[in-house]
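Peer 1: This is structure25.csv (CSV, C-alpha atoms).
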```csv
chain,number,residue,atom,x,y,z
A,220,MET,CA,-44.1,43.7,-52.3
A,221,THR,CA,-44.2,45.1,-55.8
A,222,SER,CA,-46.5,45.9,-58.7
A,223,LEU,CA,-46.7,44.5,-62.2
A,224,TYR,CA,-47.5,46.8,-65.1
A,225,VAL,CA,-48.9,45.2,-68.3
A,226,ASP,CA,-49.2,47.6,-71.2
A,227,ARG,CA,-49.0,45.5,-74.3
A,228,ARG,CA,-51.7,44.5,-76.8
A,229,GLY,CA,-52.7,40.9,-77.5
A,230,VAL,CA,-51.2,39.5,-74.3
A,231,THR,CA,-53.0,36.7,-72.3
A,232,LEU,CA,-52.3,36.1,-68.6
A,233,LYS,CA,-52.8,32.7,-67.0
A,234,ALA,CA,-52.0,31.0,-63.7
A,235,ASP,CA,-49.5,28.2,-63.6
A,236,GLY,CA,-48.9,27.0,-60.1
A,237,GLU,CA,-47.5,30.0,-58.2
A,238,ALA,CA,-46.6,32.0,-61.2
A,239,LEU,CA,-48.3,34.4,-63.6
A,240,VAL,CA,-47.6,33.3,-67.2
A,241,PHE,CA,-47.7,35.6,-70.3
A,242,TYR,CA,-48.8,34.3,-73.7
A,243,GLU,CA,-48.7,36.0,-77.1
A,244,ASN,CA,-50.1,34.5,-80.3
A,245,GLY,CA,-50.4,31.2,-78.4
A,246,GLU,CA,-46.8,31.1,-77.3
A,247,ARG,CA,-45.5,31.4,-73.8
A,248,ILE,CA,-43.3,34.5,-73.6
A,249,GLY,CA,-42.6,34.9,-69.9
A,250,THR,CA,-43.5,34.3,-66.2
A,251,VAL,CA,-43.7,36.3,-63.1
A,252,PRO,CA,-43.9,34.7,-59.6
A,253,LEU,CA,-47.1,35.6,-57.7
A,254,ALA,CA,-45.5,35.7,-54.2
A,255,PRO,CA,-44.0,39.3,-54.3
A,256,LEU,CA,-46.9,40.9,-56.1
A,257,SER,CA,-49.3,43.3,-54.3
A,258,ARG,CA,-50.8,45.0,-57.4
A,259,VAL,CA,-51.3,44.3,-61.1
A,260,PHE,CA,-52.0,47.3,-63.4
A,261,MET,CA,-53.2,46.6,-66.9
A,262,ARG,CA,-53.7,48.8,-69.9
A,263,GLY,CA,-54.6,47.9,-73.5
A,264,ASP,CA,-56.0,44.7,-74.9
A,265,VAL,CA,-55.0,42.2,-72.2
A,266,THR,CA,-56.8,38.9,-71.5
A,267,LEU,CA,-56.9,37.2,-68.1
A,268,SER,CA,-58.0,33.7,-67.2
A,269,SER,CA,-60.6,33.2,-64.5
A,270,ALA,CA,-58.2,30.9,-62.7
A,271,LEU,CA,-55.7,33.7,-62.5
A,272,LEU,CA,-58.3,36.2,-61.2
A,273,GLY,CA,-59.2,33.7,-58.5
A,274,LYS,CA,-55.6,33.3,-57.4
A,275,LEU,CA,-55.0,37.0,-57.3
A,276,GLY,CA,-58.1,37.5,-55.2
A,277,GLU,CA,-57.1,34.8,-52.8
A,278,ARG,CA,-53.8,36.5,-52.2
A,279,GLY,CA,-55.3,40.0,-51.8
A,280,ILE,CA,-53.5,41.2,-55.0
A,281,GLY,CA,-55.5,44.1,-56.4
A,282,VAL,CA,-56.1,44.3,-60.1
A,283,VAL,CA,-56.4,47.8,-61.6
A,284,VAL,CA,-57.5,48.1,-65.2
A,285,LEU,CA,-56.7,51.5,-66.8
A,286,SER,CA,-59.4,51.7,-69.6
A,287,GLY,CA,-59.3,53.8,-72.7
A,288,ARG,CA,-57.1,56.7,-73.7
A,289,LYS,CA,-57.9,58.5,-70.5
A,290,ALA,CA,-56.8,55.6,-68.4
A,291,VAL,CA,-60.0,55.4,-66.3
A,292,PRO,CA,-59.4,53.0,-63.5
A,293,THR,CA,-61.5,49.9,-62.8
A,294,MET,CA,-60.6,47.8,-59.8
A,295,LEU,CA,-61.0,44.1,-59.1
A,296,LEU,CA,-60.7,43.5,-55.4
A,297,GLY,CA,-60.1,40.5,-53.2
A,298,ARG,CA,-62.0,39.6,-50.0
A,299,PRO,CA,-62.6,42.7,-47.8
A,300,HIS,CA,-61.7,43.0,-44.2
A,301,ASN,CA,-64.1,41.0,-42.0
A,302,ASP,CA,-65.0,43.7,-39.5
A,303,ALA,CA,-68.2,45.2,-40.8
A,304,ALA,CA,-68.6,47.1,-37.5
A,305,ARG,CA,-65.9,49.5,-38.8
A,306,ARG,CA,-68.1,50.4,-41.8
A,307,VAL,CA,-71.2,50.9,-39.6
A,308,ALA,CA,-69.2,53.3,-37.4
A,309,GLN,CA,-67.9,55.1,-40.5
A,310,TYR,CA,-71.4,55.6,-41.8
A,311,ARG,CA,-72.6,57.1,-38.5
A,312,LEU,CA,-69.7,59.4,-38.3
A,313,SER,CA,-70.1,60.6,-41.9
A,314,LEU,CA,-73.4,62.2,-40.6
A,315,ASP,CA,-71.7,63.9,-37.6
A,316,GLY,CA,-70.9,67.4,-38.7
A,317,ASP,CA,-68.4,68.1,-35.9
A,318,PHE,CA,-66.4,65.0,-36.6
A,319,CYS,CA,-66.3,65.7,-40.3
A,320,LEU,CA,-65.1,69.3,-39.7
A,321,ARG,CA,-62.3,68.2,-37.4
A,322,PHE,CA,-61.3,65.5,-39.8
A,323,ALA,CA,-61.4,67.9,-42.8
A,324,ARG,CA,-59.3,70.5,-40.9
A,325,ALA,CA,-56.6,67.9,-40.3
A,326,ILE,CA,-56.6,66.8,-44.0
A,327,VAL,CA,-56.4,70.4,-45.3
A,328,GLU,CA,-53.7,71.4,-42.9
A,329,ALA,CA,-51.6,68.3,-43.7
A,330,LYS,CA,-51.9,69.0,-47.4
A,331,LEU,CA,-50.9,72.6,-47.1
A,332,ARG,CA,-48.0,71.8,-44.8
A,333,ALA,CA,-46.8,69.1,-47.3
A,334,GLN,CA,-46.9,71.6,-50.1
A,335,ALA,CA,-45.1,74.2,-48.1
A,336,THR,CA,-42.4,71.7,-47.1
A,337,PHE,CA,-41.8,70.7,-50.7
A,338,LEU,CA,-41.5,74.3,-51.9
A,339,ALA,CA,-39.2,75.2,-49.0
A,340,GLU,CA,-36.9,72.3,-49.9
A,341,ARG,CA,-36.7,73.5,-53.5
A,342,ARG,CA,-36.2,77.2,-52.5
A,343,ASP,CA,-33.0,76.2,-50.7
A,344,SER,CA,-31.6,74.6,-53.8
A,345,GLU,CA,-33.1,76.8,-56.6
A,346,PRO,CA,-31.6,80.4,-56.5
A,347,HIS,CA,-33.4,81.5,-59.6
A,348,SER,CA,-36.8,80.6,-58.1
A,349,ARG,CA,-36.2,81.8,-54.6
A,350,TYR,CA,-38.2,85.0,-54.9
A,351,LEU,CA,-41.3,83.5,-56.3
A,352,LEU,CA,-41.1,80.5,-54.0
A,353,THR,CA,-40.8,82.8,-51.0
A,354,LEU,CA,-44.0,84.6,-52.1
A,355,SER,CA,-45.8,81.2,-52.5
A,356,LEU,CA,-44.7,80.1,-49.1
A,357,ARG,CA,-45.9,83.2,-47.4
A,358,ARG,CA,-49.4,82.7,-49.0
A,359,LEU,CA,-49.4,79.1,-47.9
A,360,ALA,CA,-48.4,80.1,-44.4
A,361,THR,CA,-51.4,82.4,-44.3
A,362,SER,CA,-53.7,79.6,-45.3
A,363,ILE,CA,-52.2,77.2,-42.8
A,364,ALA,CA,-52.7,79.7,-40.0
A,365,ALA,CA,-56.4,80.1,-40.9
A,366,VAL,CA,-57.3,76.4,-41.0
A,367,ASP,CA,-58.6,76.2,-37.5
A,368,GLU,CA,-60.7,79.3,-37.9
A,369,GLN,CA,-62.8,77.7,-40.6
A,370,GLY,CA,-66.3,76.8,-39.4
A,371,SER,CA,-67.6,74.9,-42.4
A,372,LEU,CA,-66.4,72.5,-45.0
A,373,GLY,CA,-67.2,75.1,-47.7
A,374,SER,CA,-64.9,77.7,-46.2
A,375,LEU,CA,-62.2,75.0,-45.8
A,376,ARG,CA,-62.5,74.1,-49.5
A,377,GLY,CA,-62.0,77.8,-50.3
A,378,LEU,CA,-58.9,78.0,-48.2
A,379,GLU,CA,-57.6,74.8,-49.8
A,380,GLY,CA,-58.1,76.3,-53.2
A,381,ALA,CA,-56.3,79.5,-52.3
A,382,GLY,CA,-53.4,77.4,-51.0
A,383,ALA,CA,-53.4,75.3,-54.2
A,384,ALA,CA,-53.2,78.5,-56.3
A,385,ALA,CA,-50.2,79.7,-54.4
A,386,TYR,CA,-48.5,76.3,-54.5
A,387,PHE,CA,-48.9,75.8,-58.2
A,388,GLU,CA,-47.5,79.2,-59.0
A,389,GLY,CA,-44.3,78.2,-57.2
A,390,PHE,CA,-44.3,74.7,-58.7
A,391,ALA,CA,-44.7,76.2,-62.2
A,392,ASP,CA,-41.5,78.2,-61.8
A,393,LEU,CA,-39.5,75.0,-61.1
A,394,LEU,CA,-40.5,73.4,-64.4
A,395,PRO,CA,-38.7,73.8,-67.8
A,396,GLU,CA,-40.3,76.7,-69.7
A,397,ARG,CA,-40.8,74.6,-72.8
A,398,LEU,CA,-43.4,72.5,-71.0
A,399,LYS,CA,-45.7,75.6,-70.9
A,400,PHE,CA,-47.2,74.8,-67.5
A,401,SER,CA,-49.3,77.6,-66.1
A,402,GLY,CA,-51.4,75.9,-63.5
A,403,ARG,CA,-53.5,72.8,-62.8
A,404,ASN,CA,-56.1,71.8,-65.4
A,405,ARG,CA,-57.8,68.4,-65.9
A,406,ARG,CA,-60.7,66.6,-67.5
A,407,PRO,CA,-58.9,66.6,-69.8
A,408,PRO,CA,-55.4,67.7,-69.0
A,409,ARG,CA,-54.2,70.1,-71.7
A,410,ASP,CA,-50.4,70.0,-71.4
A,411,PRO,CA,-47.7,67.4,-70.6
A,412,VAL,CA,-47.3,68.3,-66.9
A,413,ASN,CA,-51.0,68.1,-66.2
A,414,ALA,CA,-51.2,64.8,-68.1
A,415,MET,CA,-48.4,63.5,-65.9
A,416,LEU,CA,-50.0,64.7,-62.7
A,417,SER,CA,-53.4,63.2,-63.7
A,418,LEU,CA,-51.9,59.8,-64.3
A,419,GLY,CA,-49.9,59.9,-61.1
A,420,TYR,CA,-53.0,61.0,-59.1
A,421,THR,CA,-55.1,58.3,-60.7
A,422,LEU,CA,-52.6,55.6,-59.6
A,423,LEU,CA,-52.4,57.1,-56.1
A,424,HIS,CA,-56.2,57.2,-55.8
A,425,ALA,CA,-56.4,53.5,-56.9
A,426,GLU,CA,-53.9,52.6,-54.2
A,427,ALA,CA,-56.0,54.5,-51.6
A,428,VAL,CA,-59.1,52.6,-52.6
A,429,LEU,CA,-57.4,49.2,-52.3
A,430,ALA,CA,-55.9,50.1,-48.9
A,431,LEU,CA,-59.3,51.3,-47.5
A,432,TYR,CA,-61.1,48.3,-48.8
A,433,GLY,CA,-58.6,45.9,-47.3
A,434,ALA,CA,-58.9,47.7,-43.9
A,435,GLY,CA,-62.7,47.2,-43.8
A,436,LEU,CA,-63.6,50.8,-44.6
A,437,ASP,CA,-65.9,52.0,-47.4
A,438,PRO,CA,-63.9,54.1,-49.9
A,439,PHE,CA,-67.1,55.8,-51.1
A,440,VAL,CA,-68.1,57.4,-47.7
A,441,GLY,CA,-65.8,60.3,-46.8
A,442,PHE,CA,-65.7,63.0,-44.2
A,443,TYR,CA,-64.2,66.0,-46.1
A,444,HIS,CA,-65.3,65.1,-49.7
A,445,ALA,CA,-69.1,64.9,-49.9
A,446,LEU,CA,-71.0,61.9,-51.2
A,447,ASP,CA,-71.0,61.9,-54.9
A,448,PHE,CA,-72.2,59.2,-57.3
A,449,GLY,CA,-69.3,57.0,-58.4
A,450,ARG,CA,-66.7,58.8,-56.4
A,451,GLU,CA,-64.6,57.2,-53.7
A,452,SER,CA,-64.8,60.1,-51.3
A,453,LEU,CA,-62.8,58.7,-48.4
A,454,ALA,CA,-60.0,57.8,-50.8
A,455,CYS,CA,-60.2,61.4,-52.1
A,456,ASP,CA,-59.8,62.6,-48.5
A,457,LEU,CA,-56.7,60.5,-47.8
A,458,VAL,CA,-54.8,61.3,-51.0
A,459,GLU,CA,-54.9,65.0,-50.5
A,460,PRO,CA,-51.7,65.3,-48.3
A,461,LEU,CA,-49.9,62.8,-50.6
A,462,ARG,CA,-50.4,64.5,-53.9
A,463,VAL,CA,-47.2,66.4,-53.4
A,464,GLU,CA,-45.3,63.1,-53.7
A,465,VAL,CA,-46.7,62.8,-57.2
A,466,ASP,CA,-45.7,66.4,-57.9
A,467,ARG,CA,-42.2,65.7,-56.7
A,468,HIS,CA,-41.9,62.7,-58.9
A,469,ALA,CA,-43.2,64.5,-62.0
A,470,LEU,CA,-40.7,67.4,-61.5
A,471,MET,CA,-37.9,64.8,-61.4
A,472,LEU,CA,-39.0,63.1,-64.5
A,473,PHE,CA,-39.2,66.3,-66.5
A,474,ARG,CA,-36.1,67.9,-65.2
A,475,SER,CA,-34.0,64.8,-65.8
A,476,GLU,CA,-35.7,64.5,-69.3
A,477,LYS,CA,-36.8,60.9,-68.6
A,478,LEU,CA,-40.0,62.4,-69.9
A,479,ARG,CA,-40.1,65.1,-72.6
A,480,ALA,CA,-42.8,67.1,-74.3
A,481,GLU,CA,-42.3,64.9,-77.4
A,482,ASP,CA,-43.5,61.9,-75.4
A,483,PHE,CA,-47.0,63.4,-75.4
A,484,SER,CA,-49.6,64.1,-78.0
A,485,THR,CA,-52.5,66.5,-78.0
A,486,THR,CA,-55.9,65.5,-79.4
A,487,GLU,CA,-59.6,66.4,-78.8
A,488,SER,CA,-59.3,64.0,-75.8
A,489,GLY,CA,-56.6,66.2,-74.2
A,490,CYS,CA,-52.9,65.7,-73.8
A,491,LEU,CA,-51.9,62.1,-73.6
A,492,LEU,CA,-48.7,60.2,-72.7
A,493,GLY,CA,-47.6,57.9,-75.5
A,494,LYS,CA,-46.7,54.2,-75.1
A,495,ALA,CA,-42.9,54.7,-75.1
A,496,GLY,CA,-43.3,57.4,-72.4
A,497,ARG,CA,-45.7,55.2,-70.4
A,498,ALA,CA,-43.0,52.4,-70.3
A,499,ARG,CA,-40.5,54.8,-68.9
A,500,PHE,CA,-43.0,56.2,-66.5
A,501,TYR,CA,-44.0,52.8,-65.0
A,502,GLY,CA,-40.3,51.9,-64.8
A,503,GLU,CA,-39.8,54.9,-62.5
A,504,TRP,CA,-43.1,54.8,-60.7
A,505,GLU,CA,-42.7,51.6,-58.6
A,506,GLU,CA,-40.2,53.2,-56.1
A,507,VAL,CA,-42.6,56.0,-55.5
A,508,ALA,CA,-45.6,53.6,-55.3
A,509,ALA,CA,-43.8,51.6,-52.5
A,510,ARG,CA,-43.4,54.8,-50.5
A,511,LEU,CA,-47.0,55.8,-51.1
A,512,ARG,CA,-48.3,52.4,-50.0
A,513,LYS,CA,-46.5,52.7,-46.8
A,514,LEU,CA,-47.8,56.3,-46.2
A,515,LEU,CA,-51.3,55.2,-47.1
A,516,ALA,CA,-51.2,52.2,-44.8
A,517,GLU,CA,-50.3,54.6,-41.9
A,518,SER,CA,-53.1,57.0,-42.9
A,519,VAL,CA,-55.7,54.2,-43.2
A,520,SER,CA,-54.6,52.8,-39.8
A,521,ASP,CA,-55.0,56.3,-38.2
A,522,VAL,CA,-58.4,56.8,-39.8
A,523,ALA,CA,-59.6,53.3,-38.6
A,524,SER,CA,-58.4,54.1,-35.1
A,525,ALA,CA,-60.1,57.5,-35.1
A,526,ILE,CA,-63.4,56.0,-36.3
A,527,VAL,CA,-63.3,53.3,-33.6
A,528,GLN,CA,-62.4,55.8,-30.8
A,529,ALA,CA,-65.1,58.3,-32.0
A,530,ALA,CA,-67.7,55.5,-32.2
A,531,ALA,CA,-66.8,54.4,-28.6
A,532,VAL,CA,-67.3,58.0,-27.3
A,533,GLU,CA,-70.5,58.3,-29.2
A,534,ALA,CA,-72.0,55.2,-27.6
A,535,PRO,CA,-70.2,54.7,-24.2
A,536,CYS,CA,-72.6,52.1,-23.0
A,537,SER,CA,-72.0,49.9,-26.0
A,538,PRO,CA,-69.1,47.5,-26.3
A,539,PRO,CA,-66.2,48.9,-28.3
A,540,ILE,CA,-66.1,48.2,-32.0
A,541,GLY,CA,-64.7,44.7,-32.6
A,542,ASP,CA,-64.8,43.9,-28.8
A,543,PRO,CA,-64.0,40.1,-28.5
A,544,ALA,CA,-66.3,39.7,-25.5
A,545,ALA,CA,-69.2,41.2,-27.5
A,546,ASP,CA,-68.5,39.0,-30.4
A,547,ALA,CA,-68.4,35.9,-28.2
A,548,GLY,CA,-71.7,36.8,-26.6
A,549,ALA,CA,-73.3,37.3,-30.0
A,550,ALA,CA,-72.0,33.9,-31.0
A,551,ASP,CA,-73.4,32.3,-27.8
A,552,GLU,CA,-76.8,33.9,-28.4
A,553,GLU,CA,-76.9,32.7,-32.0
A,554,THR,CA,-76.3,29.1,-31.0
A,555,GLY,CA,-78.7,29.2,-28.0
A,556,ASP,CA,-75.9,28.6,-25.5
A,557,GLY,CA,-75.9,32.1,-24.0
A,558,PHE,CA,-77.8,32.8,-20.8
```
The structure given in the file should be rewritten as structure tokens.
Peer 2:
Amino acid sequence: MTSLYVDRRGVTLKADGEALVFYENGERIGTVPLAPLSRVFMRGDVTLSSALLGKLGERGIGVVVLSGRKAVPTMLLGRPHNDAARRVAQYRLSLDGDFCLRFARAIVEAKLRAQATFLAERRDSEPHSRYLLTLSLRRLATSIAAVDEQGSLGSLRGLEGAGAAAYFEGFADLLPERLKFSGRNRRPPRDPVNAMLSLGYTLLHAEAVLALYGAGLDPFVGFYHALDFGRESLACDLVEPLRVEVDRHALMLFRSEKLRAEDFSTTESGCLLGKAGRARFYGEWEEVAARLRKLLAESVSDVASAIVQAAAVEAPCSPPIGDPAADAGAADEETGDGF
């Protein structure tokens, strides 16, 4: 499965049989078959027909609209997973402090270990950065060792922050000096590296939301990230250990000069990637996105299983979530045939 990126003004998309058709100024300029698509990302003044939206929804193809200069994502989703019992169990567990703390520890440890693995890989091939990377790795190791000692979500967030500070010090040393990256900043990003990371994290987050929605889980109700209006907190939970894949990709793009500082502009809205740079970015992103979708599918499956198992332990006298016998009994009772 693959993604389609549409970043062109004045284009209209329509459905024609099993194909997506592009029109510009009333003329047909191209087609793309629907069968291999899993996502459609759109940016700019793009028009869709309602028939096309219906076909995309029927096939479970997510549509992500990146709005405005900051590329704020809006998602159009297909039919969700049918098992509402998963969501009920998720809501209950989100109020279980012990479960949330165990879940959060696992998320933070996985993130810190992923960051440490990445820096260790680079240390072995970057002699000029070896000293600073070694210091960063020592600090990350200290944070990793302390994860299980944390007794609250607040202290875990502090530990995660300390790990992030150590990680980005090492990461900064790997980047070309002309990029002037000195650490993570956002809302808005103020330099090319942070603009690139923000775009990648945005796309990763959108993929997590779509994966959770398709698995019958509520992206807004997390276990580590607290409830916050408009925030998909469970998606935020799941992307934490995968952010390093975006970092890895950004490093490759800048060091290979597939993206350069000249591809970005700085305004009052922050540092923004220009259209030519976006075209190169999307051309390189799909390979990373395919790997991220696979990793997210595994993570979502693990989370769904953990929720079902925890819910079964919480209510041992009740049928397991999604139990076929329970579903059949409910159907009999509804039709008046059960005794």
Peer 1: What is the distance between CA of Ala508 in chain A and CA of Val428 in chain A, in Å to one decimal?
Peer 2: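 About the pair CA of Ala508 in chain A and CA of Val428 in chain A: they are 13.8 Å apart.
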Peer 1: Between CA of Ser518 in chain A and CA of Thr221 in chain A, what is the spacing in Å?
Peer 2: 19.7 Å
Peer 1: Find the distance between CA of Arg450 in chain A and CA of Ala391 in chain A and write it in Å to one decimal.
Peer 2: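 Interatomic distance here is 28.6 Å.
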Peer 1: Which residue, A:Ala385, A:Leu239, A:Leu338, A:Val307, has the smallest gap to Ser355 in chain A when you use only C-alpha atoms?
Peer 2: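 Smallest separation from Ser355 in chain A among the options: A:Ala385.
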Peer 1: With distances taken over all atoms listed in the file, which residue among A:Asp264, A:Glu243, A:Glu464, A:Glu388 lies nearest Arg510 in chain A?
Peer 2: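 That would be A:Glu464, the residue with the smallest distance to Arg510 in chain A.
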Peer 1: Might you pull out every residue within 8 Å of Glu379 in chain A, with all atoms listed in the file counted and same-chain residues fewer than 3 positions away left off, and present them as a list in words?
Peer 2: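 Close residues of Glu379 in chain A: Val327, Leu331, Ser362, Leu375, Arg376, Gly382 and Ala383 of chain A.
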Peer 1: Can you pull out every residue within 10 Å of range 344-348 of chain A, counting only C-alpha atoms, but drop anything in the same chain fewer than 3 positions away, and send it as a list in words?
Peer 2: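 In the requested form, the answer reads Leu338, Ala339, Glu340, Arg341, Leu351, Leu352, Thr353, Gly389, Phe390, Ala391, Asp392 and Leu393 of chain A.
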Peer 1: Using all atoms listed in the file, determine which residues lie at most 10 Å from range 440-443 of chain A, disregarding the query and same-chain residues fewer than 2 positions distant; provide the list as an MDAnalysis selection string.
Peer 2: chainID A and resid 306 309:310 312:316 318:327 372:373 375:376 436:438 445:447 450:457
Peer 1: Val265 in chain A: which residues within 6 Å, counting all atoms listed in the file, same-chain residues fewer than 6 positions away excluded, as a ChimeraX atom specification?
Peer 2: /A:229-231
Peer 1: Between A:Asn404, A:Thr293, A:Ser257, A:Gln334, single out the one closest to Ala430 in chain A, counting only C-alpha atoms.
Peer 2: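 Going through A:Asn404, A:Thr293, A:Ser257, A:Gln334 one by one, the smallest distance to Ala430 in chain A is for A:Ser257.
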Peer 1: Write out as a list in words the residues lying within 6 Å of Leu232 in chain A, counting only C-alpha atoms and excluding same-chain residues fewer than 6 positions away.
Peer 2: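 The contact residues come out as Val240, Phe241 and Leu267 of chain A.
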Peer 1: Step by step: start from the point (-40.0, 68.2, -68.4) in the file's coordinates, keep every protein, DNA or RNA residue that has an atom no farther than 9 Å from it, count all atoms listed in the file, and write the set as a count of residues only.
Peer 2: 19
Peer 1: For Thr421 in chain A, which residue out of A:Asp482, A:Pro292, A:Gln369, A:Leu256 is the nearest one, using all atoms listed in the file?
Peer 2: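 The closest residue to Thr421 in chain A is A:Pro292.
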Peer 1: Select, from A:Gly435, A:Gly489, A:Gly279, A:Gly502, the residue with the minimum atom-to-atom distance to Pro408 in chain A, counting only C-alpha atoms.
Peer 2: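 Smallest distance to Pro408 in chain A is found for A:Gly489.
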